[in-house]
Amino acid sequence: MSTLTFGRAINAGLRRAMDNDPKVILMGEDIGKLGGVFRITDGLQKDFGAHRVLDTPLAEAGIMGTAVGMAYRGYRPVVEIQFDGFIYPAFDQIVCQVAKIHYRTQGAVKMPITIRVPFGGGIGSPEHHSESPEAYFTHTSGLRVISPSNPQDAYTMIQQAISSDDPVLYFEPKRRYHVKGEVDEGSDPAASSMEKARVVTEGSDVTLVTYGPLVPTARDAAVAAGDDGVSVEVIDLRSLAPIDFETVEASVRKTGRLVITHEAAQSGGLGAEIAASITERCFYHLEHAPVRVTGFDIPYPYSKLEFHHLPDLDRILDGVDRVLGRPNSLSGLER
Amino acid sequence: MSTLTFGRAINAGLRRAMDNDPKVILMGEDIGKLGGVFRITDGLQKDFGAHRVLDTPLAEAGIMGTAVGMAYRGYRPVVEIQFDGFIYPAFDQIVCQVAKIHYRTQGAVKMPITIRVPFGGGIGSPEHHSESPEAYFTHTSGLRVISPSNPQDAYTMIQQAISSDDPVLYFEPKRRYHVKGEVDEGSDPAASSMEKARVVTEGSDVTLVTYGPLVPTARDAAVAAGDDGVSVEVIDLRSLAPIDFETVEASVRKTGRLVITHEAAQSGGLGAEIAASITERCFYHLEHAPVRVTGFDIPYPYSKLEFHHLPDLDRILDGVDRVLGRPNSLSGLER
Amino acid sequence: MALKNIESVPGGPGETGSGLIQLITADGVRVPEPAYDALVADIDGAALQGLYEDMVVVRRIDSEATALQRQGELALWPPLLGQEAAQIGSGRALRSDDFVFSSYRENAVAYCRGVDLTDILRVWRGNASSGWDPYAINMATPQVIIGAQTLHATGYAMGILNDGDDAVAVTYFGDGATSQGDVNEAMVFAASFQAPVIFFCQNNHWAISEPVGLQAHVPIANRAPGFGIPSVRVDGNDVLACLAVTRQALARARSGGGPTFIEAVTYRMGPHTTADDPTRYRDANELEDWAAKDPLKRLEAHLGSLGLFDEAFTAAVKAKADAVAAELRAGCLGMAEPAPSDVFKHVYSTPNSWLDRQQDHYERYLSSFADSASSDGSS
Amino acid sequence: MALKNIESVPGGPGETGSGLIQLITADGVRVPEPAYDALVADIDGAALQGLYEDMVVVRRIDSEATALQRQGELALWPPLLGQEAAQIGSGRALRSDDFVFSSYRENAVAYCRGVDLTDILRVWRGNASSGWDPYAINMATPQVIIGAQTLHATGYAMGILNDGDDAVAVTYFGDGATSQGDVNEAMVFAASFQAPVIFFCQNNHWAISEPVGLQAHVPIANRAPGFGIPSVRVDGNDVLACLAVTRQALARARSGGGPTFIEAVTYRMGPHTTADDPTRYRDANELEDWAAKDPLKRLEAHLGSLGLFDEAFTAAVKAKADAVAAELRAGCLGMAEPAPSDVFKHVYSTPNSWLDRQQDHYERYLSSFADSASSDGSS
Ligand SMILES: Cc1ncc(C[n+]2csc(CCOP(=O)(O)OP(=O)(O)O)c2C)c(N)n1
Ligand SMILES: Cc1ncc(C[n+]2csc(CCOP(=O)(O)OP(=O)(O)O)c2C)c(N)n1
Ligand SMILES: [Mg+2]
Ligand SMILES: [Mg+2]
């Protein structure tokens with residue numbers, strides 16, 4: 001066991017994947033000497049060489065499209081998108097190529113590409129540096145989407161993503177890069193599945209589902225609710241596509257109440273899919289409609305206002321009150 | 001009143017918008033002499049000149065980005081994307097620019113861009129020609145998304161889109177281009193709102209929500225269900241972002257049962273948002289969980305199989321049976 | 001000053017006059033071209049006859065497929081009529097371990113790669129998203145998104161470099177494609193990594209209804225040097241010249257010289273696809289002008305001048321073309337129909353819980369018909 | 001042959017030697033350049049002094065903003081240190097009805113456009129998504145998505161054409177940006193429509209940690225002619241030369257001659273932004289070499305040689321810079337804080353039922369705090 005920050009845990013996972021398989025190649029902007037703007041790839045170019053860690057020209061479609069070609073050639077490219085808001089120039093290559101080539105070629109060609117995306121807000125950045133674009137990808141058939149919430153998962157799941165023969169979007173909650181945690185660097189990533197959700201905190205009154213950056217916030221909310229006599233079960237999805245609905249369903253069958261929280265805009269966000277699917281799966285166990293506590297339907301705001309947009313402990317607790325029918329901010333509203 | 005095909009109705013609406021406002025400019029690939037691959041802009045370059053109907057170089061990001069610049073200069077560009085599957089190269093310009101410039105400039109700059117997208121399947125085409133990408137855009141704050149289902153709406157709504165000061169995605173159900181209908185060419189587009197849903201068929205047992213290409217299919221399903229003694233209320237959303245949930249809610253409060261159908265993949269599709277929102281708004285009126293009848297989570301399949309992917313009358317009726325708790329394909333499945 | 005579409009530009013990308021590499025004129029005369037003659041010194045009479053046969057065969061594949069489309073056996077077909085020399089000349093220059101990333105119109109290149117004829121038609125019949133296993137013939141299946149494949153080729157070439165191999169990636173695309181960001185980014189990457197990739201642009205003068213002058217105001221071959229990539233403009237209707245310039249580019253790539261851009265100036269003599277009606281936008285005279293430069297005719301004339309175009313030869317070629325056409329037609333008509341649950345196959349390479357559930361539900365749905373009524377044969 | 005990043009290329013885009021338009025040498029000597037001298041014939045001593053003052057002021061804005069960032073008053077700042085001549089020379093060439101589309105580093109251009117100083121800082125303080133009304137100074141607010149603005153400028157220029165106007169759109173971007181598809185597509189559109197747009201590329205040798213040799217293997221100015229756009233490579237640290245080439249491009253555009261591409265070869269002397277640490281990737285010697293070519297120093301020397309750099313002048317310039325810095329600082333510190341419900345403003349220009357509902361709910365939420373406890377000041 002070692003104590004690593006979230007960021008260093010990803011670095012360690014990348015290093016191990018590169019050690020294990022010479023076909024693993026990193027590509028991205030500023031990932032070489034600089035080690036990336038978040039230093040996630042720090043030291044890797046020095047240790048593995050410039051032919052394994054490629055500083056690419058400044059063009060995301062180009063990075064993604066050449067990664068596709070490298071995958072055709074048998075490589076396992078790991079692409080870094082510098083910030084969430086810069087993934088869109090690569091959208092066409094992701095949606096029409098990365099996601100579809102396996103289907104297009106009837107299984108003949110594999111696309112084992114990992115796309116690392118530092119995502120989410122709360123770091124005081126200007127426009128395009130704090131977005132949560134995951135729902136675009138969870139709606140895209142052919143992709144897998146995961147997001148770790150702690151150093152151990154970060155370490156394990158990056159290796160699982162790289163060894164997956166399917167393309168994987170790996171969303172890194174950038175505001176948690178400095179969080180420290182215990183990491184078992186000897187653990188075998190193949191021993192677990194990146195698709196399983198995890199019950200973070202057990203509880204019996206309300207199921208609170210989240211992922212990535214809001215997992216710590218949700219855990220804090222559970223503690224606060226506990227102080228208030230409400231037992232909240234927190235689930236960290238880990239995999240966003242597919243979602244491990246069995247785990248969520250089992251919890252909701254127990255609690256009868258579901259709150260979902262994410263930073264992304266509400267309309268069409270992942271919360272909608274979770275609410276709809278869980279309602280389908282356990283309608284008769286629900287005591288209240290699933291409640292969504294999310295970002296608003298706005299472009300990510302400038303930093304002085306970002307904490308109004310981002311769900312926080314209080315807003316989550318308000319959602320918990322709502323699902324429990326306790327007094328809350330919308331009490332008395334004709335709905 | 002004149003009888004027009006769906007395609008001609010759009011053409012007539014474009015013509016009227018161009019007549020009324022010299023700032024309306026059409027841009028796209030092959031829209032000039034050819035009149036577009038679907039002939040929607042037929043004759044417009046001849047009548048309005050090559051400076052109003054621009055055949056552009058073959059580059060969707062370029063088209064969208066220059067449209068942004070034209071809008072900065074006070075124009076109202078109407079962009080044609082040749083097929084749904086070719087919108088992705090423009091995704092970055094749509095999501096980061098078209099959708100955000102009004103917010104970015106604190107209201108100083110308007111982006112009255114209309115993006116016309118022939119969408120959906122059922123026409124026997126190869127890959128990338130039959131997609132339903134609407135959920136990517138309904139999840140993008142700053143955009144409005146609409147989809148007409150009949151010639152009259154096509155005629156009215158294209159004019160409403162063009163006169164909107166906000167950017168509008170206008171999704172055209174291409175497999176319905178040849179459907180004929182009555183169009184009142186003298187009608188005032190400002191007299192109605194493009195955001196209102198329409199009850200197509202009244203009913204009391206089940207609410208069936210859809211839009212665009214599946215509206216006729218839903219109507220047929222309502223007739224078939226009626227023959228079977230089930231009264232289905234069909235709602236044509238018309239606006240996909242924002243959705244007129246008041247109209248859907250009113251219907252579901254009456255029927256207690258909701259079925260949603262669309263061609264797009266299920267997971268993260270618009271059906272999820274509708275199911276989640278309606279469950280939030282009228283949970284205690286629901287007799288059954290909302291049922292989704294949608295395309296699968298697959299890349300759009302080759303044409304010999306497309307009618308397995310696309311919801312049709314039988315699959316919708318099976319969904320109606322499911323929401324009613326009548327014998328259906330999933331009867332007896334432990335859910 | 002006014003805003004308008006510019007359709008043709010003097011000295012622009014549609015012109016064929018100057019700086020075009022040509023080894024056989026439109027009249028079939030072999031003309032010397034010192035920088036390239038040595039590259040095709042091995043092409044003797046028999047080899048020329050072989051190239052001619054190839055061109056006849058692919059033209060026959062093209063017309064047979066067009067006929068199949070007219071007869072309702074194919075949903076669509078993109079003819080390559082007029083572009084035989086560009087595709088055969090370049091395609092025949094490749095080694096089997098080179099790898100091709102093409103668009104949808106390169107059926108003649110696929111033929112050179114040894115594709116099973118039936119495989120060419122699968123996608124156009126609607127029986128598959130694509131026709132063949134790319135690794136079986138080292139050619140990716142047709143790319144529909146204009147220009148996207150140029151990046152794939154560049155990335156593949158980067159992989160070749162990393163493997164220390166001397167294979168080459170070759171990407172085919174059209175004049176219209178050069179406007180796409182992807183194609184330009186591919187040149188940026190290719191130059192930056194000095195990747196062994198050939199950009200083979202068939203300037204067939206049209207992108208559906210848009211003339212090449214709308215995409216560019218100077219010859220397309222001029223574009224590449226600005227990215228640091230050497231380029232050459234070749235008569236795309238001259239099979240020998242196309243072979244020569246491709247061999248030159250391959251040699252450069254194999255020896256560490258990096259990418260090359262080839263513009264093959266040719267002409268799309270047919271419609272964009274069988275769904276297109278070029279009379280709406282194209283002058284009949286233009287077609288006539290180009291008919292005079294037909295790639296097959298000029299090789300006929302040249303072979304004739306060498307005494308190699310006798311009846312025995314033409315009969316053999318015709319027999320071969322007939323046989324290929326018959327095989328193609330039989331393959332088309334005999335193609336097995338897909339099963340409904342094939343829609344769920346190969347979306348992922350490992351099980352996916354969302355999709356598995358949908359498949360299970362759909363199979364239950366299908367079998368509910370089998371139960372309730374007589375089977376409709378779809379399950 | 002191996003796959004690797006190539007960092008510098010002989011004769012490549014990082015070299016400054018050949019073909020660079022220069023009117024004032026690094027030592028401050030005015031050298032003749034026949035094709036451009038006439039374009040700046042009106043720039044007398046007073047005008048040169050004006051340009052010098054501008055450069056001092058914008059350098060002072062830059063250092064004051066950097067200081068504000070260090071003091072925690074700004075979240076981030078992208079310094080333009082070293083690029084003053086490129087921005088002032090070009091910015092001062094423009095007419096007020098021209099329209100600028102820039103990236104995030106063109107604060108000196110904004111200064112030329114007459115921006116309110118406080119407005120420059122709004123976005124970097126986190127108080128707004130952008131700082132000013134674009135129509136007030138005919139300059140779009142900073143673009144963060146690399147290269148996106150080049151298409152906006154091109155579209156704006158197409159609008160100018162359609163209006164029959166003789167204004168010009170000018171877009172600024174970096175060396176790294178030239179790798180983006182958008183920038184290349186902008187050149188395609190600009191050439192196709194012969195739009196009156198100037199592509200002003202500041203090759204400051206770095207894109208964060210990536211040297212320009214990684215983006216290109218030949219000078220960036222070579223790129224444009226391949227698109228049919230004339231280009232010029234100018235000493236970006238020579239304010240007079242930058243003024244001259246921009247005037248030439250403007251005249252061409254105004255008279256229907258279409259687009260021009262200008263590569264101003266300069267150097268980013270500071271970090272990419274205040275969050276960057278260039279010592280991780282950049283050789284200190286390189287910085288020293290470029291310090292010798294500093295744009296202000298050379299103009300000082302030149303003015304000195306003309307007897308125009310006396311104490312009265314430098315004192316006046318210093319006073320102006322001090323005043324500007326004080327105004328900037330005061331504007332920064334005095335900026336009004338946004339209200340919570342400002343997050344909902346200007347997403348749409350007309351009411352939107354989804355968002356209105358969310359705003360209503362959030363305002364209820366905020367007021368639930370005001371009710372239940374003492375107000376936390378956030379509502
Ligand atoms: C991204 C994208 N946009 C638009 C299209 C529609 N489209 C198909 S072919 C074509 C023209 C292509 O012209 P060119 O590149 O010259 O190739 P050619 O057809 O002449 O071989 C267009 C616009 C597409 N397939 N992909
Ligand atoms: C699409 C996109 N990708 C990545 C980034 C991150 N990024 C910000 S600035 C920059 C380097 C830009 O270099 P250059 O174009 O040379 O401009 P300079 O910063 O030198 O002025 C990068 C990679 C971005 N802002 N947008
Ligand atoms: Mg073409
Ligand atoms: Mg730079």
# chains A, B, ... in the order shown; residues from 1 in each chain; ligands from 1
>>> interface_residues(of="chain A", to="chain B", cutoff="8 Å", atoms="only C-alpha atoms", output="compact mmCIF listing (two decimals) with N, CA and C atoms, in the first residue's frame")
# COMPACT_ATOMS: atom_id res chain seq x y z
N GLY A 85 -13.53 20.77 -22.16
CA GLY A 85 -14.10 21.63 -23.20
C GLY A 85 -13.38 21.56 -24.52
N TYR A 88 -14.50 18.56 -28.10
CA TYR A 88 -15.46 18.65 -29.21
C TYR A 88 -14.84 18.64 -30.60
N PRO A 89 -13.66 19.22 -30.81
CA PRO A 89 -13.09 19.07 -32.16
C PRO A 89 -12.85 17.60 -32.52
N PHE A 91 -14.95 15.25 -31.65
CA PHE A 91 -16.23 14.55 -31.49
C PHE A 91 -16.56 13.66 -32.69
N ASP A 92 -16.33 14.20 -33.87
CA ASP A 92 -16.63 13.42 -35.08
C ASP A 92 -15.82 12.14 -35.13
N VAL A 95 -17.28 9.78 -32.36
CA VAL A 95 -18.62 9.24 -32.57
C VAL A 95 -18.71 8.40 -33.85
N CYS A 96 -18.08 8.87 -34.92
CA CYS A 96 -18.23 8.17 -36.20
C CYS A 96 -17.15 7.12 -36.44
N LYS A 100 -17.56 3.31 -33.81
CA LYS A 100 -18.28 2.50 -34.80
C LYS A 100 -17.42 1.54 -35.60
N TYR A 103 -18.04 -2.24 -35.05
CA TYR A 103 -19.33 -2.62 -35.64
C TYR A 103 -19.22 -2.63 -37.17
N HIS A 128 -14.81 26.78 -20.80
CA HIS A 128 -14.35 25.56 -21.48
C HIS A 128 -13.40 24.71 -20.63
N ALA A 135 -22.52 12.95 -20.79
CA ALA A 135 -23.76 12.42 -21.36
C ALA A 135 -23.71 12.31 -22.87
N TYR A 136 -22.89 13.14 -23.52
CA TYR A 136 -22.75 13.00 -24.97
C TYR A 136 -22.20 11.61 -25.31
N THR A 138 -22.17 8.82 -23.13
CA THR A 138 -22.96 7.68 -22.64
C THR A 138 -24.13 7.40 -23.59
N HIS A 139 -24.49 8.40 -24.40
CA HIS A 139 -25.55 8.21 -25.39
C HIS A 139 -24.99 7.68 -26.72
N THR A 140 -23.69 7.49 -26.78
CA THR A 140 -23.06 7.07 -28.03
C THR A 140 -22.74 5.58 -27.99
N SER A 141 -23.50 4.81 -28.73
CA SER A 141 -23.31 3.36 -28.73
C SER A 141 -21.93 3.01 -29.26
N GLY A 142 -21.31 2.04 -28.63
CA GLY A 142 -19.98 1.61 -29.05
C GLY A 142 -18.89 2.07 -28.11
N ALA A 265 -25.39 19.61 -16.78
CA ALA A 265 -26.73 20.19 -16.91
C ALA A 265 -27.79 19.12 -16.72
N GLN A 266 -28.91 19.54 -16.17
CA GLN A 266 -29.96 18.57 -15.84
C GLN A 266 -30.60 17.94 -17.07
N SER A 267 -31.07 18.77 -17.99
CA SER A 267 -31.88 18.24 -19.10
C SER A 267 -31.03 17.36 -20.01
N GLY A 268 -31.43 16.10 -20.09
CA GLY A 268 -30.69 15.16 -20.91
C GLY A 268 -29.41 14.66 -20.27
N GLY A 269 -29.19 15.02 -19.02
CA GLY A 269 -28.01 14.52 -18.32
C GLY A 269 -28.18 13.06 -17.90
N LEU A 270 -27.12 12.52 -17.34
CA LEU A 270 -27.15 11.12 -16.95
C LEU A 270 -28.23 10.85 -15.90
N ALA A 272 -31.19 11.78 -15.90
CA ALA A 272 -32.45 11.42 -16.55
C ALA A 272 -32.47 9.92 -16.84
N GLU A 273 -31.36 9.41 -17.36
CA GLU A 273 -31.31 7.98 -17.68
C GLU A 273 -31.44 7.14 -16.41
N ALA A 275 -32.85 8.00 -13.54
CA ALA A 275 -34.22 8.11 -13.02
C ALA A 275 -35.17 7.26 -13.85
N ALA A 276 -35.04 7.35 -15.17
CA ALA A 276 -35.96 6.61 -16.04
C ALA A 276 -35.76 5.10 -15.88
N SER A 277 -34.51 4.67 -15.88
CA SER A 277 -34.25 3.23 -15.81
C SER A 277 -34.66 2.65 -14.47
N THR A 279 -36.87 3.88 -12.44
CA THR A 279 -38.34 3.89 -12.38
C THR A 279 -38.91 2.69 -13.13
N GLU A 280 -38.33 2.39 -14.28
CA GLU A 280 -38.77 1.21 -15.03
C GLU A 280 -38.56 -0.08 -14.23
N ARG A 281 -37.41 -0.15 -13.57
CA ARG A 281 -37.02 -1.40 -12.94
C ARG A 281 -37.67 -1.62 -11.59
N CYS A 282 -37.97 -0.55 -10.88
CA CYS A 282 -38.57 -0.79 -9.56
C CYS A 282 -39.62 0.26 -9.20
N PHE A 283 -40.50 0.48 -10.14
CA PHE A 283 -41.57 1.47 -9.96
C PHE A 283 -42.37 1.23 -8.68
N HIS A 288 -41.33 7.85 -3.84
CA HIS A 288 -41.33 9.22 -4.34
C HIS A 288 -40.63 9.19 -5.70
N ALA A 289 -40.92 10.16 -6.52
CA ALA A 289 -40.20 10.24 -7.80
C ALA A 289 -38.72 10.47 -7.52
N PRO A 290 -37.86 9.88 -8.33
CA PRO A 290 -36.43 10.16 -8.19
C PRO A 290 -36.18 11.66 -8.30
N VAL A 291 -35.26 12.13 -7.49
CA VAL A 291 -34.95 13.56 -7.45
C VAL A 291 -33.57 13.78 -8.05
N ASP A 297 -29.27 24.20 -16.68
CA ASP A 297 -29.18 24.15 -18.15
C ASP A 297 -28.56 25.44 -18.68
N ILE A 298 -27.31 25.63 -18.31
CA ILE A 298 -26.60 26.85 -18.70
C ILE A 298 -25.19 26.47 -19.15
N PRO A 299 -24.56 27.32 -19.96
CA PRO A 299 -23.13 27.11 -20.20
C PRO A 299 -22.42 27.19 -18.84
N ARG A 335 -46.75 20.99 -7.82
CA ARG A 335 -45.91 20.36 -8.83
C ARG A 335 -46.74 19.51 -9.76
>>> interface_residues(of="chain C", to="chain A", cutoff="10 Å", atoms="only C-alpha atoms", output="PyMOL selection string")
chain C and resi 99+101+123+128-136+140-145+148-163+169+181-190+192-193+342-350+352-355
>>> residues_around(residues="region 214-224 of chain A", least_positions_apart="4", cutoff="12 Å", atoms="only C-alpha atoms", output="PyMOL selection string")
chain A and resi 119-122+132+147-150+172-176+179+198-210+228-238+259-264+293-295+310-321
>>> atom_distance(atom1="CA of Thr25 (chain D)", atom2="atom 16 (O, counted along the ligand's line) of ligand 2")
24.2 Å
>>> residues_near_ligand(ligand="ligand 4", cutoff="7 Å", atoms="only C-alpha atoms and all ligand atoms", output="PDB file with N, CA, C and O atoms, in the first residue's frame")
ATOM      1  N   GLY D 174      -2.310  31.859 -32.801  1.00  0.00           N
ATOM      2  CA  GLY D 174      -0.914  31.520 -32.546  1.00  0.00           C
ATOM      3  C   GLY D 174      -0.345  30.501 -33.512  1.00  0.00           C
ATOM      4  O   GLY D 174      -1.040  29.989 -34.394  1.00  0.00           O
ATOM      5  N   ASP D 175       0.909  30.186 -33.328  1.00  0.00           N
ATOM      6  CA  ASP D 175       1.562  29.162 -34.145  1.00  0.00           C
ATOM      7  C   ASP D 175       0.927  27.803 -33.903  1.00  0.00           C
ATOM      8  O   ASP D 175       0.690  27.030 -34.833  1.00  0.00           O
ATOM      9  N   GLY D 176       0.600  27.505 -32.640  1.00  0.00           N
ATOM     10  CA  GLY D 176      -0.032  26.221 -32.347  1.00  0.00           C
ATOM     11  C   GLY D 176      -1.366  26.089 -33.051  1.00  0.00           C
ATOM     12  O   GLY D 176      -1.723  25.008 -33.544  1.00  0.00           O
ATOM     13  N   GLN D 202       0.596  35.101 -34.837  1.00  0.00           N
ATOM     14  CA  GLN D 202       1.779  35.423 -34.041  1.00  0.00           C
ATOM     15  C   GLN D 202       2.521  34.125 -33.737  1.00  0.00           C
ATOM     16  O   GLN D 202       2.103  33.361 -32.868  1.00  0.00           O
ATOM     17  N   ASN D 203       3.573  33.897 -34.489  1.00  0.00           N
ATOM     18  CA  ASN D 203       4.419  32.734 -34.205  1.00  0.00           C
ATOM     19  C   ASN D 203       5.343  33.134 -33.062  1.00  0.00           C
ATOM     20  O   ASN D 203       6.401  33.725 -33.275  1.00  0.00           O
ATOM     21  N   ASN D 204       4.908  32.823 -31.843  1.00  0.00           N
ATOM     22  CA  ASN D 204       5.731  33.180 -30.670  1.00  0.00           C
ATOM     23  C   ASN D 204       6.567  31.983 -30.220  1.00  0.00           C
ATOM     24  O   ASN D 204       7.031  31.917 -29.091  1.00  0.00           O
ATOM     25  N   HIS D 205       6.729  31.042 -31.138  1.00  0.00           N
ATOM     26  CA  HIS D 205       7.609  29.886 -30.953  1.00  0.00           C
ATOM     27  C   HIS D 205       7.106  28.815 -30.000  1.00  0.00           C
ATOM     28  O   HIS D 205       7.699  27.743 -29.922  1.00  0.00           O
ATOM     29  N   TRP D 206       6.040  29.072 -29.273  1.00  0.00           N
ATOM     30  CA  TRP D 206       5.579  28.085 -28.306  1.00  0.00           C
ATOM     31  C   TRP D 206       4.065  27.989 -28.271  1.00  0.00           C
ATOM     32  O   TRP D 206       3.359  28.984 -28.419  1.00  0.00           O
ATOM     33  N   ALA D 207       3.592  26.781 -28.060  1.00  0.00           N
ATOM     34  CA  ALA D 207       2.185  26.516 -27.764  1.00  0.00           C
ATOM     35  C   ALA D 207       2.228  25.782 -26.418  1.00  0.00           C
ATOM     36  O   ALA D 207       2.509  24.586 -26.370  1.00  0.00           O
TER      37      ALA D 207
END
